[in-house]
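K.L.:
Here you go, one structure.
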Amino acid sequence: MHELSIATSIVEIAAGHVLEAGGGRVLAVIVRVGRLASVHEGALRSAFDVAIADTPLAGSELRVVAVPVRIFCRSCAGERELAGIGSLACPTCGTVSGDIRAGTELELESIELEPPDTSTIGAATTGPVEIATP
Amino acid sequence: MSDAASPLPRILEVRTKILKKNDEIARAMRGRFEAQGVVVVNIVSSPGTGKTAFLEETLARLHARGIPVAAVVGDLETDNDARRLARSGVPVRQIMTHGLCHLEAEMVQAHLDGWDLSGLHYLFIENVGNLVCPTSWDLGESVRLAMLSVTEGEDKPLKYPGLFNTADLVAITKIDLASACEFDRDLAVANLEVVRPGIRVLETSAKTGQGIDEWLMELDGRRLRGR
């Protein structure tokens, strides 16, 4: 369950950015997970739900963008997307390539915050926030 | 209460590596290791591949040649492996992860605390037996050695491409049992080649000593080349 370590890191980094941006209710956290990163999306989701408890991210949703592997094929002189991860062979010509251009990433891409409520502009945003049940 | 056209959410662009903190610690450790001239080997495999036996043989031979080495070993529980490895006469420390399925840079750093690494030729880190979870955790190593035993089957690299893809070197272990297991060496190498093109593969047996000298020569070469 290394996904819990990853989820904890996501929460730490995201909470820092939310605080820096002046706070606000977090709607969603968007991460990019390469298919070669050895991370299971379901396990990461479960771990995220555990990791966000009692943090500024409580109640938020994790959106996982699965990134397929892309190699640079020298024979074809171009990038090729692979259907799976069991072989780095070019789907067009079959040449195996170790030149991986995408598919190993483990990145926190962005955070979605609730839009500012115009009726309370000027009010403190760091106080207790009511969490709406989904 | 809300408007029909609800306002769009505010987007904070982050674009940060999730394991940034681990990467930073690993980078700092790598810098220190390089400055001290220590080649650090992170050994990864599934449980039962023979990491400890391989390391026992490695440490014993290096120690016998008067080459200064040390090891840290990660396990969920027990210090059995550290005690086994310490019999070789080299300094060994055990990292007990208490359930965590992989080592992280911070744990290695904490266990190296107060240890004078200067003068060491090699530091071996035996990771927790697992072919999935250690993939993304850089431990500041110079060499990631992935292992595969003949008893596990030739298709291990295809089943765990993520980890094998991060390896710098592969050791096939228990090669003395190859014929009993009807192990197809060429197939295993071909499977490694499609997930990690150009990878160097060593065939070893800690029991008979086959391939261990070749492994030590490989290490020596890497040390001379500075990685």
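Letters A, B, ... go to the chains of the structure tokens in the order shown; residues in each chain start at 1; ligands are counted from 1 in the same order.
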Segment 8-89 of chain A: which residues are strand (DSSP E) by DSSP, as a VMD selection string?
P.N.:
chain A and resid 26 to 34 61 to 67 70 to 73 78 to 81
K.L.:
Could you tell me which residues of chain B sit within 10 Å of chain A when counting only C-alpha atoms, and give me the result as a ChimeraX atom specification?
P.N.:
/B:6-22,99-104,131-137,155,157-166,191-199
K.L.:
How about saving the chosen residues, C-alpha atoms kept, as an mmCIF file, in the first residue's frame?
P.N.:
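Result file selection28.cif:
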```
data_model
loop_
_atom_site.group_PDB
_atom_site.id
_atom_site.type_symbol
_atom_site.label_atom_id
_atom_site.label_comp_id
_atom_site.auth_asym_id
_atom_site.auth_seq_id
_atom_site.Cartn_x
_atom_site.Cartn_y
_atom_site.Cartn_z
ATOM 1 C CA SER B 6 -22.852 28.656 -11.257
ATOM 2 C CA PRO B 7 -19.468 30.377 -11.277
ATOM 3 C CA LEU B 8 -16.506 28.333 -12.433
ATOM 4 C CA PRO B 9 -14.186 26.857 -9.822
ATOM 5 C CA ARG B 10 -10.916 28.595 -9.182
ATOM 6 C CA ILE B 11 -8.046 26.554 -10.566
ATOM 7 C CA LEU B 12 -4.643 26.485 -8.898
ATOM 8 C CA GLU B 13 -2.043 25.194 -11.329
ATOM 9 C CA VAL B 14 0.484 23.233 -9.311
ATOM 10 C CA ARG B 15 2.435 20.905 -11.649
ATOM 11 C CA THR B 16 4.622 19.444 -8.941
ATOM 12 C CA LYS B 17 6.078 16.005 -8.531
ATOM 13 C CA ILE B 18 4.129 14.222 -5.820
ATOM 14 C CA LEU B 19 7.283 12.642 -4.384
ATOM 15 C CA LYS B 20 9.145 15.961 -4.501
ATOM 16 C CA LYS B 21 10.144 15.760 -0.838
ATOM 17 C CA ASN B 22 11.559 12.251 -1.240
ATOM 18 C CA GLY B 99 4.197 -2.453 7.691
ATOM 19 C CA LEU B 100 5.400 -0.053 5.023
ATOM 20 C CA CYS B 101 5.995 -1.913 1.777
ATOM 21 C CA HIS B 102 9.028 0.038 0.524
ATOM 22 C CA LEU B 103 11.923 2.160 1.751
ATOM 23 C CA GLU B 104 11.802 5.939 1.449
ATOM 24 C CA LEU B 131 8.241 -5.591 -7.059
ATOM 25 C CA VAL B 132 5.699 -2.773 -7.137
ATOM 26 C CA CYS B 133 5.966 -0.272 -4.319
ATOM 27 C CA PRO B 134 9.704 0.623 -4.388
ATOM 28 C CA THR B 135 9.412 1.752 -8.052
ATOM 29 C CA SER B 136 9.036 5.501 -7.528
ATOM 30 C CA TRP B 137 11.167 6.010 -4.410
ATOM 31 C CA ASP B 155 7.673 -13.493 -17.333
ATOM 32 C CA PRO B 157 9.582 -8.507 -16.058
ATOM 33 C CA LEU B 158 6.389 -8.451 -18.131
ATOM 34 C CA LYS B 159 4.257 -8.667 -15.003
ATOM 35 C CA TYR B 160 6.137 -5.885 -13.199
ATOM 36 C CA PRO B 161 7.386 -3.639 -15.998
ATOM 37 C CA GLY B 162 7.215 -0.501 -13.852
ATOM 38 C CA LEU B 163 9.926 -1.653 -11.509
ATOM 39 C CA PHE B 164 12.106 -3.452 -14.045
ATOM 40 C CA ASN B 165 11.980 -0.333 -16.192
ATOM 41 C CA THR B 166 13.746 1.630 -13.437
ATOM 42 C CA ASN B 191 11.376 -10.269 -21.601
ATOM 43 C CA LEU B 192 13.772 -7.935 -19.793
ATOM 44 C CA GLU B 193 14.829 -6.434 -23.099
ATOM 45 C CA VAL B 194 11.281 -5.360 -24.031
ATOM 46 C CA VAL B 195 10.710 -3.567 -20.724
ATOM 47 C CA ARG B 196 14.243 -2.233 -20.253
ATOM 48 C CA PRO B 197 16.114 -2.211 -23.569
ATOM 49 C CA GLY B 198 19.879 -2.597 -23.292
ATOM 50 C CA ILE B 199 19.841 -3.708 -19.633
#
```
K.L.:
By how many Å are atom CA of Leu123 of chain B and atom CA of Ala71 of chain B apart?
P.N.:
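Going from atom CA of Leu123 of chain B over to atom CA of Ala71 of chain B, I get 5.4 Å.
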K.L.:
Determine which residues of chain A receive a DSSP assignment of helix (DSSP H, G or I), computed from the backbone, and state them as a count of residues only.
P.N.:
32
K.L.:
Report the distance between atom CA of Ala60 of chain B and atom CA of Glu152 of chain B in Å, rounded to one decimal place.
P.N.:
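We find that atom CA of Ala60 of chain B and atom CA of Glu152 of chain B lie 26.0 Å from each other.
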K.L.:
So how many Å separate atom CA of Arg200 of chain B and atom CA of Val128 of chain B, to one decimal?
P.N.:
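Atom CA of Arg200 of chain B sits 22.7 Å away from atom CA of Val128 of chain B.
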K.L.:
Considering only C-alpha atoms, state which residue in the set B:Ile95, B:Leu55, B:Leu62, B:Ala82 is at the smallest distance from Ala171 of chain B.
P.N.:
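That would be B:Leu55, the residue with the smallest distance to Ala171 of chain B.
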K.L.:
Which polymer residues have any atom within 9 Å of an atom of Leu120 of chain B, counting only C-alpha atoms, with same-chain residues fewer than 2 positions away left out, as a list in words?
P.N.:
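The filter keeps Gln36, Gly37, Val38, Val39, Ile67, Pro68, Val69, Ala70, Asp116, Leu117, Ser118, Tyr122 and Leu123 of chain B.
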K.L.:
Find the residues near Ala86 of chain B: any atom within 10 Å, counting only C-alpha atoms, skip ones fewer than 3 places away on the same chain, and give them as a list in words.
P.N.:
Glu56, Leu59, Ala60, Ala70, Ala71, Asn80, Asp81, Ala82, Arg83, Gly89, Val90, Pro91, Val92 and Arg93 of chain B
